[in-house]
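Participant: You'll find model_9.txt just under this line, and it carries compact mmCIF, C-alpha atoms.
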# COMPACT_ATOMS: atom_id res chain seq x y z
CA MET A 1 -6.27 -3.93 -57.39
CA SER A 2 -9.42 -4.64 -55.48
CA THR A 3 -11.08 -2.93 -52.55
CA THR A 4 -12.81 -4.95 -49.90
CA MET A 5 -16.04 -3.33 -48.69
CA PRO A 6 -17.35 -4.18 -45.22
CA GLU A 7 -20.49 -6.16 -45.17
CA VAL A 8 -23.67 -4.28 -44.25
CA ASP A 9 -24.36 -6.63 -41.36
CA GLN A 10 -20.91 -5.90 -39.89
CA VAL A 11 -21.45 -2.09 -40.00
CA THR A 12 -24.86 -2.46 -38.38
CA ASP A 13 -23.53 -4.68 -35.64
CA ASP A 14 -20.74 -2.19 -34.78
CA PHE A 15 -23.11 0.83 -34.49
CA ASP A 16 -23.90 1.84 -30.92
CA PRO A 17 -26.83 4.31 -30.53
CA GLU A 18 -25.18 5.66 -27.39
CA ASP A 19 -22.33 6.96 -29.55
CA TYR A 20 -24.84 9.17 -31.37
CA TYR A 21 -26.40 10.70 -28.25
CA ARG A 22 -23.07 11.04 -26.53
CA TYR A 23 -22.07 13.83 -28.90
CA ARG A 24 -25.15 16.04 -28.53
CA SER A 25 -24.15 19.61 -27.68
CA VAL A 26 -25.29 21.42 -24.56
CA SER A 27 -27.77 24.15 -25.46
CA ALA A 28 -26.30 27.62 -25.08
CA LEU A 29 -29.81 28.90 -24.30
CA ALA A 30 -30.13 26.42 -21.43
CA VAL A 31 -26.78 27.48 -19.98
CA THR A 32 -27.75 31.15 -20.29
CA ALA A 33 -31.08 30.44 -18.56
CA LEU A 34 -29.23 28.82 -15.66
CA VAL A 35 -26.83 31.78 -15.32
CA VAL A 36 -29.70 34.27 -15.43
CA GLY A 37 -31.46 32.17 -12.80
CA PHE A 38 -28.58 32.60 -10.35
CA ILE A 39 -28.29 36.32 -11.13
CA SER A 40 -32.03 36.76 -10.59
CA LEU A 41 -31.66 35.67 -6.96
CA LEU A 42 -30.41 39.19 -6.31
CA GLY A 43 -34.04 40.19 -6.83
CA MET A 44 -34.69 39.02 -3.29
CA LEU A 45 -32.31 41.76 -2.11
CA THR A 46 -33.14 44.61 -4.49
CA VAL A 47 -36.14 45.23 -6.72
CA VAL A 48 -33.84 46.19 -9.61
CA PHE A 49 -33.33 42.50 -10.40
CA VAL A 50 -37.01 41.51 -10.27
CA PRO A 51 -37.48 42.33 -14.00
CA VAL A 52 -34.42 40.14 -14.67
CA ALA A 53 -36.22 37.27 -12.92
CA LEU A 54 -39.34 37.81 -15.04
CA GLY A 55 -37.31 37.80 -18.24
CA GLY A 56 -35.42 34.74 -17.02
CA ILE A 57 -38.67 32.78 -16.64
CA PHE A 58 -39.50 33.28 -20.32
CA LEU A 59 -35.90 32.58 -21.31
CA GLY A 60 -35.87 29.32 -19.34
CA LEU A 61 -39.15 28.13 -20.87
CA TRP A 62 -37.90 29.04 -24.33
CA ALA A 63 -34.63 27.18 -23.72
CA ALA A 64 -36.44 24.05 -22.47
CA ARG A 65 -38.75 24.11 -25.50
CA SER A 66 -35.76 24.53 -27.83
CA VAL A 67 -33.96 21.55 -26.29
CA ARG A 68 -37.06 19.35 -26.60
CA LYS A 69 -37.54 20.42 -30.20
CA ASN A 70 -33.89 19.65 -31.05
CA ARG A 71 -33.35 16.72 -28.69
CA ASP A 72 -31.50 14.78 -31.40
CA THR A 73 -28.71 17.35 -31.43
CA GLN A 74 -29.01 19.22 -28.12
CA THR A 75 -29.14 18.51 -24.43
CA GLY A 76 -29.46 20.67 -21.30
CA ALA A 77 -33.17 20.64 -20.46
CA PRO A 78 -32.45 20.20 -16.71
CA LEU A 79 -30.31 23.37 -16.79
CA ALA A 80 -33.18 25.31 -18.37
CA TYR A 81 -35.65 23.98 -15.80
CA ILE A 82 -33.38 24.86 -12.87
CA GLY A 83 -32.86 28.37 -14.25
CA THR A 84 -36.61 28.80 -14.69
CA ILE A 85 -37.33 27.68 -11.13
CA LEU A 86 -34.68 30.03 -9.69
CA CYS A 87 -36.17 32.95 -11.62
CA LEU A 88 -39.68 32.04 -10.52
CA VAL A 89 -38.64 31.90 -6.86
CA SER A 90 -36.83 35.22 -7.13
CA PHE A 91 -39.74 36.89 -8.94
CA VAL A 92 -42.33 35.74 -6.39
CA ALA A 93 -40.17 36.46 -3.33
CA GLY A 94 -38.63 39.71 -4.56
CA GLY A 95 -41.81 41.04 -6.12
CA GLY A 96 -43.87 40.08 -3.10
CA TRP A 97 -41.47 41.82 -0.74
CA TYR A 98 -41.48 44.96 -2.90
CA VAL A 99 -45.29 45.13 -2.86
CA TYR A 100 -45.36 44.56 0.90
CA ASP A 101 -42.68 47.15 1.66
CA GLU A 102 -43.96 49.74 -0.84
CA PHE A 103 -47.70 49.57 -0.27
CA ILE A 104 -48.47 47.59 2.91
CA ASN A 105 -45.67 48.12 5.43
CA LEU A 106 -46.41 51.80 5.95
CA PRO A 107 -46.76 53.64 9.28
CA GLU A 108 -50.11 55.16 10.10
CA GLY A 109 -50.60 58.91 10.14
CA TYR A 110 -48.16 59.76 7.34
CA GLU A 111 -49.07 61.02 3.88
CA VAL A 112 -46.95 59.17 1.31
CA ILE A 113 -45.34 61.51 -1.21
CA GLY A 114 -42.67 61.22 -3.87
CA PHE A 115 -39.95 63.52 -5.15
CA LYS A 116 -42.06 64.08 -8.25
CA ALA A 117 -44.35 66.35 -6.21
CA LEU A 118 -41.34 68.52 -5.37
CA GLN A 119 -40.32 69.23 -8.97
CA PRO A 120 -41.23 72.40 -10.89
CA THR A 121 -43.56 72.05 -13.86
CA VAL A 122 -42.66 72.95 -17.43
CA ASP A 123 -44.84 76.06 -17.45
CA GLN A 124 -43.76 77.24 -14.00
CA PRO A 125 -42.25 80.77 -13.86
CA ALA A 126 -38.50 80.93 -13.41
CA TYR A 127 -38.87 83.21 -10.40
CA GLN A 128 -40.85 80.46 -8.60
CA PRO A 129 -38.46 77.52 -8.16
CA VAL A 130 -40.78 75.71 -5.72
CA PRO A 131 -43.96 74.29 -7.32
CA ASP A 132 -47.44 74.72 -5.86
CA SER A 133 -47.62 70.96 -5.27
CA ALA A 134 -44.69 71.29 -2.83
CA LEU A 135 -46.02 74.44 -1.17
CA GLU A 136 -49.24 72.59 -0.38
CA LEU A 137 -47.22 70.06 1.65
CA ASP A 138 -45.74 72.69 3.96
CA GLY A 139 -46.41 71.74 7.58
CA ARG A 140 -47.94 68.34 6.77
CA THR A 141 -46.78 64.99 8.14
CA VAL A 142 -45.41 63.01 5.20
CA LEU A 143 -43.49 59.85 4.36
CA ILE A 144 -40.94 60.00 1.56
CA ARG A 145 -38.55 57.40 0.15
CA GLY A 146 -35.01 58.14 -0.92
CA TYR A 147 -31.30 57.73 -0.29
CA VAL A 148 -28.87 59.31 2.13
CA TYR A 149 -26.60 61.71 0.26
CA PRO A 150 -22.89 60.86 0.84
CA HIS A 151 -21.39 62.78 3.76
CA ALA A 152 -17.96 62.98 5.34
CA GLN A 153 -19.54 61.22 8.31
CA SER A 154 -21.08 57.88 7.47
CA ARG A 155 -22.38 56.58 10.81
CA GLY A 156 -24.66 57.96 13.49
CA LEU A 157 -26.10 60.73 11.31
CA THR A 158 -28.79 62.90 12.86
CA ARG A 159 -28.83 65.48 10.06
CA PHE A 160 -28.37 64.65 6.40
CA VAL A 161 -29.64 65.35 2.89
CA MET A 162 -32.01 62.91 1.22
CA VAL A 163 -32.05 62.45 -2.58
CA PRO A 164 -34.31 60.40 -4.91
CA ASP A 165 -31.43 58.42 -6.48
CA PHE A 166 -27.66 58.21 -6.75
CA ASP A 167 -27.38 59.09 -10.45
CA THR A 168 -26.83 62.81 -9.94
CA CYS A 169 -24.94 62.90 -6.67
CA CYS A 170 -22.50 60.14 -7.53
CA PHE A 171 -21.92 60.75 -11.24
CA GLY A 172 -22.98 64.30 -12.03
CA GLY A 173 -22.08 66.46 -9.03
CA GLN A 174 -24.61 68.15 -6.82
CA PRO A 175 -28.27 67.10 -7.21
CA LYS A 176 -30.90 69.58 -8.36
CA LEU A 177 -32.13 71.89 -5.63
CA THR A 178 -35.59 70.33 -5.81
CA ASP A 179 -34.04 66.84 -5.56
CA MET A 180 -32.73 67.49 -2.05
CA VAL A 181 -34.50 67.34 1.30
CA GLU A 182 -32.59 68.23 4.45
CA VAL A 183 -33.59 65.73 7.14
CA THR A 184 -33.24 66.26 10.87
CA LEU A 185 -33.89 63.19 13.01
CA THR A 186 -35.60 63.67 16.36
CA GLY A 187 -36.12 61.48 19.42
CA GLY A 188 -32.51 60.29 19.57
CA LYS A 189 -32.78 58.50 16.20
CA THR A 190 -29.72 58.12 13.98
CA ILE A 191 -29.04 56.69 10.55
CA ASP A 192 -25.97 55.25 8.79
CA PHE A 193 -25.03 55.91 5.19
CA SER A 194 -25.77 53.00 2.86
CA PHE A 195 -26.92 52.34 -0.69
CA ASN A 196 -30.30 51.13 0.60
CA ARG A 197 -33.47 53.06 -0.13
CA ARG A 198 -34.97 54.39 3.09
CA LYS A 199 -38.40 55.51 4.25
CA ILE A 200 -38.33 58.72 6.29
CA GLY A 201 -41.40 60.30 7.90
CA GLY A 202 -42.03 63.58 9.68
CA VAL A 203 -43.17 67.17 9.34
CA PHE A 204 -42.38 68.64 5.94
CA LYS A 205 -41.25 72.27 5.64
CA VAL A 206 -40.87 74.42 2.52
CA HIS A 207 -38.59 77.47 2.23
CA ARG A 208 -39.55 79.98 -0.43
CA GLY A 209 -35.95 81.17 -0.39
CA LEU A 210 -32.87 79.00 -0.55
CA LYS A 211 -31.65 77.79 2.85
CA GLN A 212 -27.85 77.53 2.97
CA ILE A 213 -26.37 74.24 4.22
CA GLU A 214 -22.83 72.99 4.58
CA ASP A 215 -21.05 71.64 1.46
CA LEU A 216 -24.08 72.25 -0.80
CA THR A 217 -25.66 75.25 -2.49
CA GLY A 218 -28.72 74.96 -0.30
CA VAL A 219 -32.18 73.42 -0.04
CA PHE A 220 -35.80 74.46 -0.33
CA TYR A 221 -37.15 71.47 1.58
CA GLU A 222 -36.74 70.25 5.15
CA LEU A 223 -38.08 67.24 6.99
CA GLU A 224 -38.20 67.04 10.79
CA ALA A 225 -38.32 63.27 10.98
CA ASP A 226 -39.54 61.01 13.75
CA TYR A 227 -39.80 57.83 11.64
CA VAL A 228 -36.93 55.96 9.93
CA ASP A 229 -37.05 52.62 8.17
What is this structure when it is put down as structure tokens?
Facilitator:
Amino acid sequence: MSTTMPEVDQVTDDFDPEDYYRYRSVSALAVTALVVGFISLLGMLTVVFVPVALGGIFLGLWAARSVRKNRDTQTGAPLAYIGTILCLVSFVAGGGWYVYDEFINLPEGYEVIGFKALQPTVDQPAYQPVPDSALELDGRTVLIRGYVYPHAQSRGLTRFVMVPDFDTCCFGGQPKLTDMVEVTLTGGKTIDFSFNRRKIGGVFKVHRGLKQIEDLTGVFYELEADYVD
């Protein structure tokens, strides 16, 4: 019994290099970079996704480098490049808008404050729920950023409570007393409930005793607002 072996020249002639490259796998990193690139576009709507865009830039560059390094077994460099470009666009546009809106697009005549200034300190006496930093703001014209606390009425609000975030009010019940500012809009201005962060400006008032308000325990802080953005 004899076995006939193919001649070397015949095997060489039948080999097509395209068959080798045809079976390269698509890089999972490149695909992930592309997906992150599309997700990062949300950074142009909300600053929360801007860090995603920054991370996506490094991921895309890493994926492209990995594909080049393993080009004999992997493909997908264009996907990595597209993902990187999308992340770069989102990072520049979203980050630029955040800087503009946070530090440049501010009305004149308002002192910018944050909810941090309204919180009691660790060593503050229990009988003094309002910190000195908040008392110093009493009667001053300020600008504060926050969210409209959910109300039964959602449109055309002229009076509402402002909170620094939705974590407490939406998932943990009523916000802390020092995390609430009762806002009264003047000059015929109104506001609608939304999940957008707003800038509200006006005269800040501090109550040393708790002021009772509907549906909530009460507030220490009030804002008579003539600016809404």
Participant: Would you mind listing what lies within 12 Å of A:Pro78 as an MDAnalysis selection string, with only C-alpha atoms counted and same-chain residues fewer than 4 positions away left out?
Facilitator: chainID A and resid 26:27 29:31 33:34 60:61 63:65 67:68 74 82:85
Participant: Could you build a table of the residues in stretch 47-115 of chain A lying no more than 10 Å from stretch 130-148 of chain A, giving for each the nearest pair of atoms and their separation in Å rounded to one decimal place, using all atoms listed in the file, ordered by chain and ascending residue number, as a Markdown table?
Facilitator:
| residue | atom | partner | partner_atom | distance |
| --- | --- | --- | --- | --- |
| A:Glu102 | CA | A:Arg145 | CA | 9.4 |
| A:Leu106 | CA | A:Leu143 | CA | 8.7 |
| A:Pro107 | CA | A:Leu143 | CA | 8.6 |
| A:Glu108 | CA | A:Leu143 | CA | 9.9 |
| A:Gly109 | CA | A:Thr141 | CA | 7.5 |
| A:Tyr110 | CA | A:Val142 | CA | 4.8 |
| A:Glu111 | CA | A:Val142 | CA | 4.4 |
| A:Val112 | CA | A:Leu143 | CA | 4.7 |
| A:Ile113 | CA | A:Ile144 | CA | 5.4 |
| A:Gly114 | CA | A:Ile144 | CA | 5.8 |
| A:Phe115 | CA | A:Ile144 | CA | 7.6 |
Participant: Keeping C-alpha atoms, export the residues of the selection given above as a compact mmCIF listing (two decimals), in the coordinates of the input.
Facilitator:
# COMPACT_ATOMS: atom_id res chain seq x y z
CA GLU A 102 -43.96 49.74 -0.84
CA LEU A 106 -46.41 51.80 5.95
CA PRO A 107 -46.76 53.64 9.28
CA GLU A 108 -50.11 55.16 10.10
CA GLY A 109 -50.60 58.91 10.14
CA TYR A 110 -48.16 59.76 7.34
CA GLU A 111 -49.07 61.02 3.88
CA VAL A 112 -46.95 59.17 1.31
CA ILE A 113 -45.34 61.51 -1.21
CA GLY A 114 -42.67 61.22 -3.87
CA PHE A 115 -39.95 63.52 -5.15
Participant: What is the atom CA of A:Tyr127 to atom CA of A:Arg159 distance in Å?
Facilitator: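 It comes out at 28.9 Å.
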Participant: As an exercise, work out the distance from atom CA of A:Val122 to atom CA of A:Val183 in Å and give it to one decimal place.
Facilitator: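 Computing it gives 27.2 Å between the two atoms.
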Participant: If I take atom CA of A:Phe166 and atom CA of A:His151, how far is one from the other in Å, to one decimal?
Facilitator: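 Taking atom CA of A:Phe166 and atom CA of A:His151, their separation equals 13.1 Å.
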Participant: When distances are computed from all atoms listed in the file, which of A:Lys176, A:Lys116, A:Lys211, A:Arg197 shows the smallest separation from A:Tyr98?
Facilitator: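 Under the stated criterion, the closest residue is A:Arg197.
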Participant: In the coordinates of the file, take the point (-26.8, 20.3, -29.7) and a cut-off of 9 Å; then, counting only C-alpha atoms, name each qualifying protein, DNA or RNA residue as a PyMOL selection string.
Facilitator: chain A and resi 23-28+67+70-76
Participant: Considering only C-alpha atoms, can you say which of A:Cys87, A:Val228, A:Val161, A:Lys69 comes closest to A:Thr186?
Facilitator: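 Closest to A:Thr186 of all the choices is A:Val228.
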Participant: Which residues, protein or nucleic acid, reach to within 7 Å of (-38.9, 64.1, 13.6) in the file's coordinates when using all atoms listed in the file, and can you give that as an NGL selection string?
Facilitator: :A and (184-187 or 202-203 or 224-227)
Participant: Which residue, A:Val219, A:Met44, A:Ala126, A:Ala77, has the smallest gap to A:Val163 when you use only C-alpha atoms?
Facilitator: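 Under the stated criterion, the closest residue is A:Val219.
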Participant: Take every atom of stretch 110-121 of chain A listed in the file, fit an axis-aligned box around them, add 4 Å per side, and give the centre and edge lengths in Å to one decimal as AutoDock Vina command-line options.
Facilitator:
--center_x -44.5 --center_y 65.8 --center_z -3.3 --size_x 17.1 --size_y 21.2 --size_z 29.2
Participant: Please complete stretch 212-226 of chain A with N, CA and C atoms and give it back as a PDB file, in the coordinates of the input.
Facilitator:
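Output below, filename rebuild13.pdb:
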ATOM      1  N   GLN A 212     -29.241  77.952   3.115  1.00  0.00           N
ATOM      2  CA  GLN A 212     -27.850  77.530   2.970  1.00  0.00           C
ATOM      3  C   GLN A 212     -27.547  76.366   3.911  1.00  0.00           C
ATOM      4  N   ILE A 213     -26.837  75.359   3.386  1.00  0.00           N
ATOM      5  CA  ILE A 213     -26.370  74.240   4.220  1.00  0.00           C
ATOM      6  C   ILE A 213     -24.930  73.934   3.857  1.00  0.00           C
ATOM      7  N   GLU A 214     -24.251  73.272   4.751  1.00  0.00           N
ATOM      8  CA  GLU A 214     -22.830  72.990   4.580  1.00  0.00           C
ATOM      9  C   GLU A 214     -22.571  72.086   3.384  1.00  0.00           C
ATOM     10  N   ASP A 215     -21.548  72.436   2.596  1.00  0.00           N
ATOM     11  CA  ASP A 215     -21.050  71.640   1.460  1.00  0.00           C
ATOM     12  C   ASP A 215     -21.982  71.611   0.255  1.00  0.00           C
ATOM     13  N   LEU A 216     -23.156  72.229   0.324  1.00  0.00           N
ATOM     14  CA  LEU A 216     -24.080  72.250  -0.800  1.00  0.00           C
ATOM     15  C   LEU A 216     -24.608  73.661  -1.007  1.00  0.00           C
ATOM     16  N   THR A 217     -25.128  73.916  -2.189  1.00  0.00           N
ATOM     17  CA  THR A 217     -25.660  75.250  -2.490  1.00  0.00           C
ATOM     18  C   THR A 217     -26.756  75.636  -1.519  1.00  0.00           C
ATOM     19  N   GLY A 218     -27.621  74.698  -1.209  1.00  0.00           N
ATOM     20  CA  GLY A 218     -28.720  74.960  -0.300  1.00  0.00           C
ATOM     21  C   GLY A 218     -29.916  74.084  -0.623  1.00  0.00           C
ATOM     22  N   VAL A 219     -30.980  74.230   0.153  1.00  0.00           N
ATOM     23  CA  VAL A 219     -32.180  73.420  -0.040  1.00  0.00           C
ATOM     24  C   VAL A 219     -33.428  74.298   0.095  1.00  0.00           C
ATOM     25  N   PHE A 220     -34.485  73.842  -0.528  1.00  0.00           N
ATOM     26  CA  PHE A 220     -35.800  74.460  -0.330  1.00  0.00           C
ATOM     27  C   PHE A 220     -36.651  73.649   0.649  1.00  0.00           C
ATOM     28  N   TYR A 221     -36.297  72.363   0.807  1.00  0.00           N
ATOM     29  CA  TYR A 221     -37.150  71.470   1.580  1.00  0.00           C
ATOM     30  C   TYR A 221     -36.444  70.939   2.822  1.00  0.00           C
ATOM     31  N   GLU A 222     -37.218  70.840   3.902  1.00  0.00           N
ATOM     32  CA  GLU A 222     -36.740  70.250   5.150  1.00  0.00           C
ATOM     33  C   GLU A 222     -37.738  69.213   5.646  1.00  0.00           C
ATOM     34  N   LEU A 223     -37.219  68.243   6.392  1.00  0.00           N
ATOM     35  CA  LEU A 223     -38.080  67.240   6.990  1.00  0.00           C
ATOM     36  C   LEU A 223     -37.633  67.012   8.432  1.00  0.00           C
ATOM     37  N   GLU A 224     -38.490  67.333   9.377  1.00  0.00           N
ATOM     38  CA  GLU A 224     -38.200  67.040  10.790  1.00  0.00           C
ATOM     39  C   GLU A 224     -38.770  65.648  11.072  1.00  0.00           C
ATOM     40  N   ALA A 225     -37.899  64.658  11.054  1.00  0.00           N
ATOM     41  CA  ALA A 225     -38.320  63.270  10.980  1.00  0.00           C
ATOM     42  C   ALA A 225     -38.349  62.571  12.332  1.00  0.00           C
ATOM     43  N   ASP A 226     -39.433  61.839  12.556  1.00  0.00           N
ATOM     44  CA  ASP A 226     -39.540  61.010  13.750  1.00  0.00           C
ATOM     45  C   ASP A 226     -39.738  59.538  13.395  1.00  0.00           C
TER      46      ASP A 226
END
